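Data first, discussion second: the structure below is written as structure tokens.
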Amino acid sequence: MSKTKKITWNVGLIAALLIILFILEQVLPSGSMLFTVLKKGAIYALVAVSMNLLNGFTGLFSLGQAGFMLLGAYTYAILTIPSASRASVYQYYNGGIINFALPVPIALIAGGLVAAIFAFLIGLPVLRLKSDYLAIATLGFAEIIRAVFQWDKLGPVTNGSNLLRSFPTFHSVLYPFIVSGICIALIVLLINSTYGRAFKAIRDDEIAAEAMGINLAHHKRLAFVISSFFAGVSGGLLAMYQTTIQASMFKSAMTYEILLIVVIGGIGSVTGSCISSFLFIACSEWWLRFLDNENLYIGSFHVPLLRPGFRKVVFAIVIMAMVLFYRQGIMGTREFSVEGCYNFFQKRFGKKSVKKAGDTHEQ
Amino acid sequence: MSNDKTGKNENIVLQLENITMQFGGVVAVDNVSLKVGKGEIISLIGPNGAGKTTAFNVITGVYAPTNGAIYYKGNKIIQNTPQGKMKKLYQGENATLYAGKHVMAPTPDKVTKLGIARTFQNIRLFKSQTVFENILIAKHMLRTSNIFTATFRLNAKEEAQMRKESEELLKIMELEDVRDELATSLPYGKQRHLEIARALATKPELLLLDEPAAGMNPQETLELTQFIGRIRDEFGLTIFMIEHHMDLVMEISDRIYVLDFGKSIAEGTPEEVRNNPRVIEAYLGGAQDE
Amino acid sequence: MDWISRNLPYLMAGISVGGQYALIAIGYTMVYGILRLINFAHGDIFMVAGLLLVYSATVMPMYIAIPLMIVVTVIIGFTVERVAYKPLRSAPRMSIMISAIGVSYLLQNLALYVTGGLSQQYPAIPWISDTITIFGTTTKRVTVITPILTIILVVILVLLIKYTKIGMAMRAASRDFETSQLMGIKINSVVSMTFVIGTFLAAVGSLLFFTNYTGVTPTVGAMPGLKAFVAAVFGGIGSIPGAVIGAFIIGICENIMKGLGLTTFSDAFTFALLIIILIAKPTGLFGEKATDKV
């Protein structure tokens, strides 16, 4: 498959996806669960890919994702609440100390940058730690951030432990898709560049990578900062989706959820992370919802056990089964690509190319 | 940079001066001094546990030596003196020689960037990568792009150049036919070749080979002997290697250093070393044992 | 004297909480020592132990409910290991850790389902819930009992590990998992025994912890679990005395923070302490230095 053909196909597919989403939005009622899943799924896809960049591609086991999302979400919210609403939002802190509001895209990027700056600072000491120690240190960092943001002395900026609200949100499902799409595309470009290769080298063998002239500290820090930047952006998007935010939302349970998404998608697969985040959100929020209905009858049979909360139990069992019996995840380390599908169908249906492929293999 | 008594001699590619490496109370390398001249093939031999690989690790910056200095092409690149707890524990010689001098302990990547590449005794290839990618990764070090230009593909020319050079290297190293295989799926001998190819991709002047013939049969060893000679000529390399296969060592070495219990016990041409009674004793044990 | 009577409660609470953390931390540190697994589900098993007593105390007298709770908790711990960790023994370490997170997720959601998300009042346990007065401060008897009981249990455990056959097997397995297997150690029973001991201590810990606590909710295990784990890392993971000392330090520091009026930061402080220790001593206070062979 030629390069131009590949690009045309990819662009065509993306355009088709956006058009379908646009049409769906016109046709279906706006309260449909489908949109909830699509919006949240797109946001989680971004943070899952950013986590995958770190855990899957660079081999750094970090569990700080929720903390960086918090930084992004708060930065976004603080910078975009319209001046007029500040008095009511910061009612306990005399309207807060910030009196301007930035445009949404700039605030989103600012959210990413704040997360990246924190990542840089924490990364200086922490990235020297090995595997589990790094994980627990980053997890601890996220908890520290959460506590700091709830501190009432910082109330004029963070509103203490109260809700932040009234900031601009999005209505169209296209918004998170486009923002996440651009960010994920950037991550993919990075992964396929010479730096991405260096990251994978570090994952495979740190000692050999260093012997090949790859500066470990520098590259680990790069991966950590970039991953945190995108986690920050996705935090901003999450704030937009939720319409209100509070530091207590960003618990370590959130990081675990993202980690599960990454693992189910396949550690080291970007498309896997995307697919699994939509599936994960759809399962947890939508498809299993009937299990929470106490009065479910099949014919005249009253299905037992069902009551609110049962959905989550079933979901957790599904997750466990995935982890135990489907260790590689949906995609393993492979990627879904137009070319891959093309080759697959060629193999299936074009006899000639099968033979050709077989021949080259023989040699 | 260096104004020590050794002076600046461009023809000495690598020089170890009083290098001691001590782990706690164990002296792995004991006051070793050696020289590797430009274009030479020098072998480092000795019984197991003599400290050969440790010496390599000191040269490549994996460990900072406890005492001593290392020069590369006349410039001092590594220097240390016993400090802290080591001051009391130190059992080597010349502890005061480097006291008070500036400590130089570059990380392995910096050493590689200077032009010293190495292979590993227990093969360390990038497991999940193909043969071609393994070589391409080594080219990363030579980039001029930064993370932004690389992400946005503004370095397309350089990238193309990297790929071209890697392809050429594959050809020279006779690895083209396995270009897209996973590195770890190769047979053992080919993996060794790939490790050398990967080291060469960093465009070194000095190549350190850590037991390149380990696990090879006589036929493969013979091929490797010719191969090492060939790459030396083709890439204008200086080669410093650790090896146990005496046929190979005697065949291609210009000079040989012998380590035993961390100490350098002999040096000279293959002929001299072969007939050195101390070497024979180190390898065979004291004559009185028999 | 005034200063003492003002600060003593915090110090005593700190020692007491430290003892409770220590009992949980041992479970983490032993499992990590042998399987190199951060058993994220351990904190939730602790929570389940709390819930078990809540429900069993409503239908049976305390002297049956408590042993029953301990036995059932141990069975749950054993089962979790057999079902969720044992099949992954040859898998990459990441998989088994994810499995632990999955178990944690499952236990929390099960608890949420059973309790309906409501906080369950922990039953008052006779004698240890009684109020007593020491040096002019009133406190529950459990505050005093915890450190004593903790130390007794730890000493028994250390003796067990040092002098029994299974203890020797455990030490061997934590040194070198593969080789100990080749030497004829039945690794599965060693691992199971580790989980049994770990969950037993967690069950005892829950008994002491919740007596001083308002109620049991599905996520109540997460924080003490995490802190106990931090204590284990702090003291050098894999080392039992390290975990106990780490737990006491963390418990005391945390309560001193509360005493200073910085309750918001009591959790954060624990983690800050951890990060500082890890930077200074990357394998914790009593951990062994790990080196990569090149």
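Every chain in the structure tokens has a letter given in the order shown (A, B, ...), and although residue numbers restart at 1 in each chain, ligands are simply numbered from 1 in the order shown.
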
Using only C-alpha atoms, which chain B residues lie at most 9 Å away from chain C, written as a PDB file with C-alpha atoms, in the first residue's frame?
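After the write, out-v8.pdb holds the following:
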ATOM      1  CA  THR B  53      33.929  -7.272  32.523  1.00  0.00           C
ATOM      2  CA  THR B  54      34.219  -4.963  35.519  1.00  0.00           C
ATOM      3  CA  ASN B  57      32.089  -1.429  32.914  1.00  0.00           C
ATOM      4  CA  VAL B  62      28.631   1.890  34.232  1.00  0.00           C
ATOM      5  CA  PHE B 120      27.594  -7.202  26.257  1.00  0.00           C
ATOM      6  CA  GLN B 121      28.628 -10.579  27.535  1.00  0.00           C
ATOM      7  CA  ASN B 122      25.031 -11.655  28.084  1.00  0.00           C
TER       8      ASN B 122
END

Using 12 Å as the limit and counting only C-alpha atoms, can you tabulate each residue of range 159-269 of chain B that touches range 90-111 of chain B, with its shortest atom-to-atom distance in Å and the two atoms involved, as CSV?
residue,atom,partner,partner_atom,distance
B:Thr202,CA,B:Asp109,CA,10.8
B:Pro204,CA,B:Val111,CA,10.4
B:Glu205,CA,B:Val111,CA,11.7
B:Leu206,CA,B:Val111,CA,10.8
B:Leu207,CA,B:Val111,CA,11.8
B:Leu208,CA,B:Val111,CA,11.9
B:Gly262,CA,B:Gly92,CA,10.3
B:Lys263,CA,B:Gly92,CA,10.1

Dump of N, CA and C atoms for the selected residues, as a compact mmCIF listing (two decimals), in the first residue's frame:
# COMPACT_ATOMS: atom_id res chain seq x y z
N THR B 202 26.68 3.48 16.14
CA THR B 202 26.96 4.74 16.84
C THR B 202 28.22 5.40 16.30
N PRO B 204 31.54 4.44 16.27
CA PRO B 204 32.60 4.55 17.27
C PRO B 204 33.99 4.55 16.62
N GLU B 205 34.97 4.94 17.42
CA GLU B 205 36.36 4.77 17.00
C GLU B 205 36.96 3.60 17.75
N LEU B 206 36.43 3.40 18.95
CA LEU B 206 36.93 2.30 19.78
C LEU B 206 35.76 1.37 20.06
N LEU B 207 35.97 0.08 19.77
CA LEU B 207 34.90 -0.87 19.97
C LEU B 207 35.32 -1.85 21.07
N LEU B 208 34.49 -1.96 22.09
CA LEU B 208 34.76 -2.90 23.18
C LEU B 208 33.87 -4.12 22.99
N GLY B 262 41.91 -9.53 39.49
CA GLY B 262 41.87 -8.08 39.39
C GLY B 262 43.19 -7.43 39.05
N LYS B 263 44.27 -8.19 39.15
CA LYS B 263 45.59 -7.59 38.88
C LYS B 263 46.02 -7.92 37.47

Query raised in the report: What residues in chain A have any atom no more than 8 Å from chain C when counting only C-alpha atoms, and can you write them as a ChimeraX atom specification?
Result: /A:125-126,129,132-133,136-137,140-141,143-145,147-148,150-151,207,256,259-260,263,307-310,312-313,316-317,319-320,323-324,327

Could you turn the residues from that selection into a file that holds N, CA, C and O atoms, as a CSV table (one decimal), in the first residue's frame?
chain,number,residue,atom,x,y,z
A,125,PRO,N,13.7,14.3,41.0
A,125,PRO,CA,14.1,13.3,41.9
A,125,PRO,C,13.5,11.9,41.7
A,125,PRO,O,14.2,10.9,41.8
A,126,VAL,N,12.2,11.8,41.4
A,126,VAL,CA,11.5,10.6,41.4
A,126,VAL,C,11.8,9.6,40.3
A,126,VAL,O,11.8,8.4,40.5
A,129,LEU,N,14.0,6.4,40.6
A,129,LEU,CA,13.5,5.2,41.3
A,129,LEU,C,13.1,4.1,40.3
A,129,LEU,O,12.7,4.4,39.2
A,132,ASP,N,8.4,-0.4,40.9
A,132,ASP,CA,7.4,-0.3,42.0
A,132,ASP,C,7.6,1.0,42.8
A,132,ASP,O,6.6,1.6,43.2
A,133,TYR,N,8.8,1.3,43.1
A,133,TYR,CA,9.1,2.5,43.9
A,133,TYR,C,8.6,3.7,43.2
A,133,TYR,O,8.1,4.7,43.8
A,136,ILE,N,4.8,3.9,43.4
A,136,ILE,CA,4.2,4.3,44.7
A,136,ILE,C,4.6,5.8,45.0
A,136,ILE,O,3.8,6.5,45.5
A,137,ALA,N,5.7,6.2,44.5
A,137,ALA,CA,6.1,7.7,44.7
A,137,ALA,C,5.2,8.6,43.9
A,137,ALA,O,4.7,9.6,44.4
A,140,GLY,N,1.8,8.6,45.5
A,140,GLY,CA,1.9,9.5,46.6
A,140,GLY,C,1.8,11.0,46.2
A,140,GLY,O,1.1,11.8,46.8
A,141,PHE,N,2.5,11.3,45.1
A,141,PHE,CA,2.5,12.6,44.6
A,141,PHE,C,1.1,13.1,44.3
A,141,PHE,O,0.7,14.2,44.6
A,143,GLU,N,-1.6,12.0,45.6
A,143,GLU,CA,-2.4,12.2,46.8
A,143,GLU,C,-2.0,13.6,47.4
A,143,GLU,O,-2.8,14.3,48.0
A,144,ILE,N,-0.7,13.9,47.4
A,144,ILE,CA,-0.3,15.2,47.9
A,144,ILE,C,-0.9,16.4,47.2
A,144,ILE,O,-1.5,17.3,47.8
A,145,ILE,N,-0.9,16.3,45.9
A,145,ILE,CA,-1.6,17.3,45.1
A,145,ILE,C,-3.0,17.5,45.5
A,145,ILE,O,-3.5,18.6,45.7
A,147,ALA,N,-4.4,16.8,48.3
A,147,ALA,CA,-4.6,17.4,49.6
A,147,ALA,C,-4.3,18.9,49.5
A,147,ALA,O,-5.0,19.8,50.1
A,148,VAL,N,-3.3,19.3,48.7
A,148,VAL,CA,-2.9,20.7,48.6
A,148,VAL,C,-4.0,21.5,48.0
A,148,VAL,O,-4.3,22.6,48.4
A,150,GLN,N,-7.1,21.0,48.3
A,150,GLN,CA,-8.2,21.2,49.2
A,150,GLN,C,-7.9,22.1,50.4
A,150,GLN,O,-8.8,22.3,51.2
A,151,TRP,N,-6.7,22.5,50.4
A,151,TRP,CA,-6.3,23.4,51.6
A,151,TRP,C,-7.0,24.7,51.5
A,151,TRP,O,-6.9,25.4,50.5
A,207,ILE,N,20.0,-0.7,30.3
A,207,ILE,CA,21.4,-0.7,30.3
A,207,ILE,C,21.9,-0.6,28.8
A,207,ILE,O,22.8,0.2,28.5
A,256,TYR,N,-6.3,3.9,38.9
A,256,TYR,CA,-6.4,2.5,38.7
A,256,TYR,C,-7.3,2.2,37.5
A,256,TYR,O,-7.1,1.3,36.7
A,259,LEU,N,-5.5,2.7,34.4
A,259,LEU,CA,-4.5,1.7,34.2
A,259,LEU,C,-5.2,0.4,33.7
A,259,LEU,O,-4.7,-0.3,32.8
A,260,LEU,N,-6.4,0.1,34.2
A,260,LEU,CA,-7.1,-1.0,33.7
A,260,LEU,C,-7.5,-0.9,32.3
A,260,LEU,O,-7.3,-1.8,31.5
A,263,VAL,N,-4.4,-1.6,30.2
A,263,VAL,CA,-4.0,-3.0,30.2
A,263,VAL,C,-5.0,-3.8,29.4
A,263,VAL,O,-4.6,-4.7,28.6
A,307,ARG,N,-30.2,-5.0,42.0
A,307,ARG,CA,-30.5,-3.7,42.6
A,307,ARG,C,-29.3,-2.8,42.4
A,307,ARG,O,-28.3,-3.3,42.0
A,308,PRO,N,-29.5,-1.5,42.7
A,308,PRO,CA,-28.4,-0.6,42.4
A,308,PRO,C,-27.1,-1.1,42.9
A,308,PRO,O,-27.0,-1.5,44.1
A,309,GLY,N,-26.1,-1.1,42.1
A,309,GLY,CA,-24.7,-1.5,42.5
A,309,GLY,C,-24.4,-2.8,41.9
A,309,GLY,O,-23.2,-3.2,41.7
A,310,PHE,N,-25.4,-3.6,41.4
A,310,PHE,CA,-25.1,-4.9,40.9
A,310,PHE,C,-24.3,-4.8,39.6
A,310,PHE,O,-23.4,-5.6,39.3
A,312,LYS,N,-22.0,-2.8,38.8
A,312,LYS,CA,-20.6,-2.6,39.1
A,312,LYS,C,-19.9,-3.9,39.5
A,312,LYS,O,-18.8,-4.2,39.2
A,313,VAL,N,-20.7,-4.8,40.2
A,313,VAL,CA,-20.1,-6.1,40.6
A,313,VAL,C,-19.9,-6.9,39.3
A,313,VAL,O,-18.8,-7.5,39.1
A,316,ALA,N,-17.0,-5.5,37.4
A,316,ALA,CA,-15.7,-5.9,38.0
A,316,ALA,C,-15.3,-7.3,37.7
A,316,ALA,O,-14.2,-7.7,37.5
A,317,ILE,N,-16.3,-8.2,37.7
A,317,ILE,CA,-16.1,-9.6,37.4
A,317,ILE,C,-15.6,-9.7,35.9
A,317,ILE,O,-14.7,-10.5,35.6
A,319,ILE,N,-14.1,-7.5,34.2
A,319,ILE,CA,-12.7,-7.0,34.2
A,319,ILE,C,-11.7,-8.0,34.7
A,319,ILE,O,-10.7,-8.3,34.0
A,320,MET,N,-12.0,-8.7,35.8
A,320,MET,CA,-11.2,-9.7,36.3
A,320,MET,C,-11.0,-10.8,35.3
A,320,MET,O,-9.8,-11.3,35.1
A,323,VAL,N,-8.6,-9.7,32.7
A,323,VAL,CA,-7.2,-9.7,33.2
A,323,VAL,C,-6.6,-11.1,33.3
A,323,VAL,O,-5.5,-11.3,32.9
A,324,LEU,N,-7.5,-12.0,33.7
A,324,LEU,CA,-7.0,-13.4,34.0
A,324,LEU,C,-6.8,-14.2,32.7
A,324,LEU,O,-5.9,-14.9,32.5
A,327,ARG,N,-4.7,-11.9,28.9
A,327,ARG,CA,-3.6,-11.2,29.4
A,327,ARG,C,-3.0,-10.1,28.5
A,327,ARG,O,-2.6,-9.1,28.9

Requested in this report: Please determine the contact residues of chain A with respect to chain B at a cut-off of 8 Å, counting only C-alpha atoms, and supply them as a list in words.
Outcome: Leu186, Leu189, Leu190, Ser193, Thr194, Tyr195, Arg197, Ala198, Ala201, Asp204, Asp205, Ala208, Glu210, Ala211, Met212, Gly213, Ile214 and Asn215 of chain A

Export N, CA and C atoms of the chosen residues as a PDB file, in the first residue's frame?
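Saved file result29.pdb follows:
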ATOM      1  N   LEU A 186      -0.691  13.605  17.944  1.00  0.00           N
ATOM      2  CA  LEU A 186       0.642  14.097  18.305  1.00  0.00           C
ATOM      3  C   LEU A 186       1.442  13.009  19.011  1.00  0.00           C
ATOM      4  N   LEU A 189       2.609  10.510  16.510  1.00  0.00           N
ATOM      5  CA  LEU A 189       3.754  11.029  15.750  1.00  0.00           C
ATOM      6  C   LEU A 189       5.033  10.920  16.566  1.00  0.00           C
ATOM      7  N   LEU A 190       4.909  11.237  17.841  1.00  0.00           N
ATOM      8  CA  LEU A 190       6.084  11.171  18.715  1.00  0.00           C
ATOM      9  C   LEU A 190       6.585   9.733  18.836  1.00  0.00           C
ATOM     10  N   SER A 193       8.582   8.577  16.006  1.00  0.00           N
ATOM     11  CA  SER A 193       9.776   9.338  15.655  1.00  0.00           C
ATOM     12  C   SER A 193      10.997   8.681  16.286  1.00  0.00           C
ATOM     13  N   THR A 194      12.143   9.283  16.060  1.00  0.00           N
ATOM     14  CA  THR A 194      13.371   8.723  16.605  1.00  0.00           C
ATOM     15  C   THR A 194      13.331   8.728  18.143  1.00  0.00           C
ATOM     16  N   TYR A 195      12.622   9.698  18.725  1.00  0.00           N
ATOM     17  CA  TYR A 195      12.486   9.724  20.178  1.00  0.00           C
ATOM     18  C   TYR A 195      11.634   8.552  20.674  1.00  0.00           C
ATOM     19  N   ARG A 197      11.423   5.702  19.309  1.00  0.00           N
ATOM     20  CA  ARG A 197      12.272   4.500  19.265  1.00  0.00           C
ATOM     21  C   ARG A 197      13.176   4.453  20.486  1.00  0.00           C
ATOM     22  N   ALA A 198      13.675   5.624  20.880  1.00  0.00           N
ATOM     23  CA  ALA A 198      14.537   5.653  22.062  1.00  0.00           C
ATOM     24  C   ALA A 198      13.742   5.246  23.302  1.00  0.00           C
ATOM     25  N   ALA A 201      13.430   1.626  23.373  1.00  0.00           N
ATOM     26  CA  ALA A 201      14.709   1.013  23.728  1.00  0.00           C
ATOM     27  C   ALA A 201      14.881   1.012  25.238  1.00  0.00           C
ATOM     28  N   ASP A 204      12.820  -1.707  26.715  1.00  0.00           N
ATOM     29  CA  ASP A 204      13.317  -3.065  26.495  1.00  0.00           C
ATOM     30  C   ASP A 204      14.542  -3.369  27.344  1.00  0.00           C
ATOM     31  N   ASP A 205      15.470  -2.434  27.437  1.00  0.00           N
ATOM     32  CA  ASP A 205      16.691  -2.696  28.181  1.00  0.00           C
ATOM     33  C   ASP A 205      17.396  -1.380  28.486  1.00  0.00           C
ATOM     34  N   ALA A 208      21.306  -1.419  27.970  1.00  0.00           N
ATOM     35  CA  ALA A 208      21.715  -1.386  26.569  1.00  0.00           C
ATOM     36  C   ALA A 208      21.399  -0.033  25.952  1.00  0.00           C
ATOM     37  N   GLU A 210      21.326   2.837  27.380  1.00  0.00           N
ATOM     38  CA  GLU A 210      22.313   3.817  27.821  1.00  0.00           C
ATOM     39  C   GLU A 210      23.636   3.598  27.087  1.00  0.00           C
ATOM     40  N   ALA A 211      23.974   2.321  26.877  1.00  0.00           N
ATOM     41  CA  ALA A 211      25.217   2.031  26.169  1.00  0.00           C
ATOM     42  C   ALA A 211      25.144   2.468  24.714  1.00  0.00           C
ATOM     43  N   MET A 212      23.927   2.656  24.187  1.00  0.00           N
ATOM     44  CA  MET A 212      23.787   3.123  22.810  1.00  0.00           C
ATOM     45  C   MET A 212      23.715   4.650  22.754  1.00  0.00           C
ATOM     46  N   GLY A 213      24.106   5.282  23.825  1.00  0.00           N
ATOM     47  CA  GLY A 213      24.185   6.744  23.807  1.00  0.00           C
ATOM     48  C   GLY A 213      22.882   7.450  24.106  1.00  0.00           C
ATOM     49  N   ILE A 214      21.895   6.715  24.635  1.00  0.00           N
ATOM     50  CA  ILE A 214      20.629   7.362  24.976  1.00  0.00           C
ATOM     51  C   ILE A 214      20.709   7.833  26.427  1.00  0.00           C
ATOM     52  N   ASN A 215      20.534   9.129  26.617  1.00  0.00           N
ATOM     53  CA  ASN A 215      20.603   9.702  27.954  1.00  0.00           C
ATOM     54  C   ASN A 215      19.331   9.330  28.721  1.00  0.00           C
TER      55      ASN A 215
END

Query - Picked from range 19-242 of chain C by DSSP as helix (DSSP H, G or I), as JSON, numbers by chain - result: {"C": [19, 20, 21, 22, 23, 24, 25, 26, 27, 28, 29, 30, 31, 32, 33, 34, 35, 42, 43, 44, 45, 46, 47, 48, 49, 50, 51, 52, 53, 54, 55, 56, 57, 58, 59, 62, 63, 64, 65, 66, 67, 68, 69, 70, 71, 72, 73, 74, 75, 76, 77, 78, 79, 80, 81, 82, 83, 84, 85, 86, 87, 88, 93, 94, 95, 96, 97, 98, 99, 100, 101, 102, 103, 104, 105, 106, 107, 108, 109, 110, 111, 112, 113, 114, 115, 141, 142, 143, 144, 145, 146, 147, 148, 149, 150, 151, 152, 153, 154, 155, 156, 157, 158, 159, 160, 161, 162, 163, 165, 166, 167, 168, 169, 170, 171, 172, 173, 174, 175, 177, 178, 179, 180, 181, 182, 187, 188, 189, 190, 191, 192, 193, 194, 195, 196, 197, 198, 199, 200, 201, 202, 203, 204, 205, 206, 207, 208, 209, 210, 211, 222, 223, 224, 225, 226, 227, 228, 229, 230, 231, 232, 233, 234, 240, 241, 242]}

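Put simply, CA of Thr73 in chain C is 29.7 Å away from CA of Phe286 in chain C.
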
Requested in this report: List every residue of range 64-128 of chain B that DSSP, applied to the backbone of this structure, places in strand (DSSP E), and write the result as a ChimeraX atom specification.
Outcome: /B:67-72,75-80,116-118

Query raised in the report: Smallest atom-to-atom distance to Lys88 in chain B: which of B:Pro65, B:Gly24, B:Gly74, B:Gly37, using only C-alpha atoms?
Result: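 Of B:Pro65, B:Gly24, B:Gly74, B:Gly37, the one nearest Lys88 in chain B, counting only C-alpha atoms, is B:Gly24.
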
Report task. Would you list the contacts of Phe78 in chain C as a PyMOL selection string, taking every protein, DNA or RNA residue within 10 Å and counting only C-alpha atoms, but skipping same-chain residues closer than 4 positions in sequence? Result -> chain C and resi 72-74+82-83+191-199
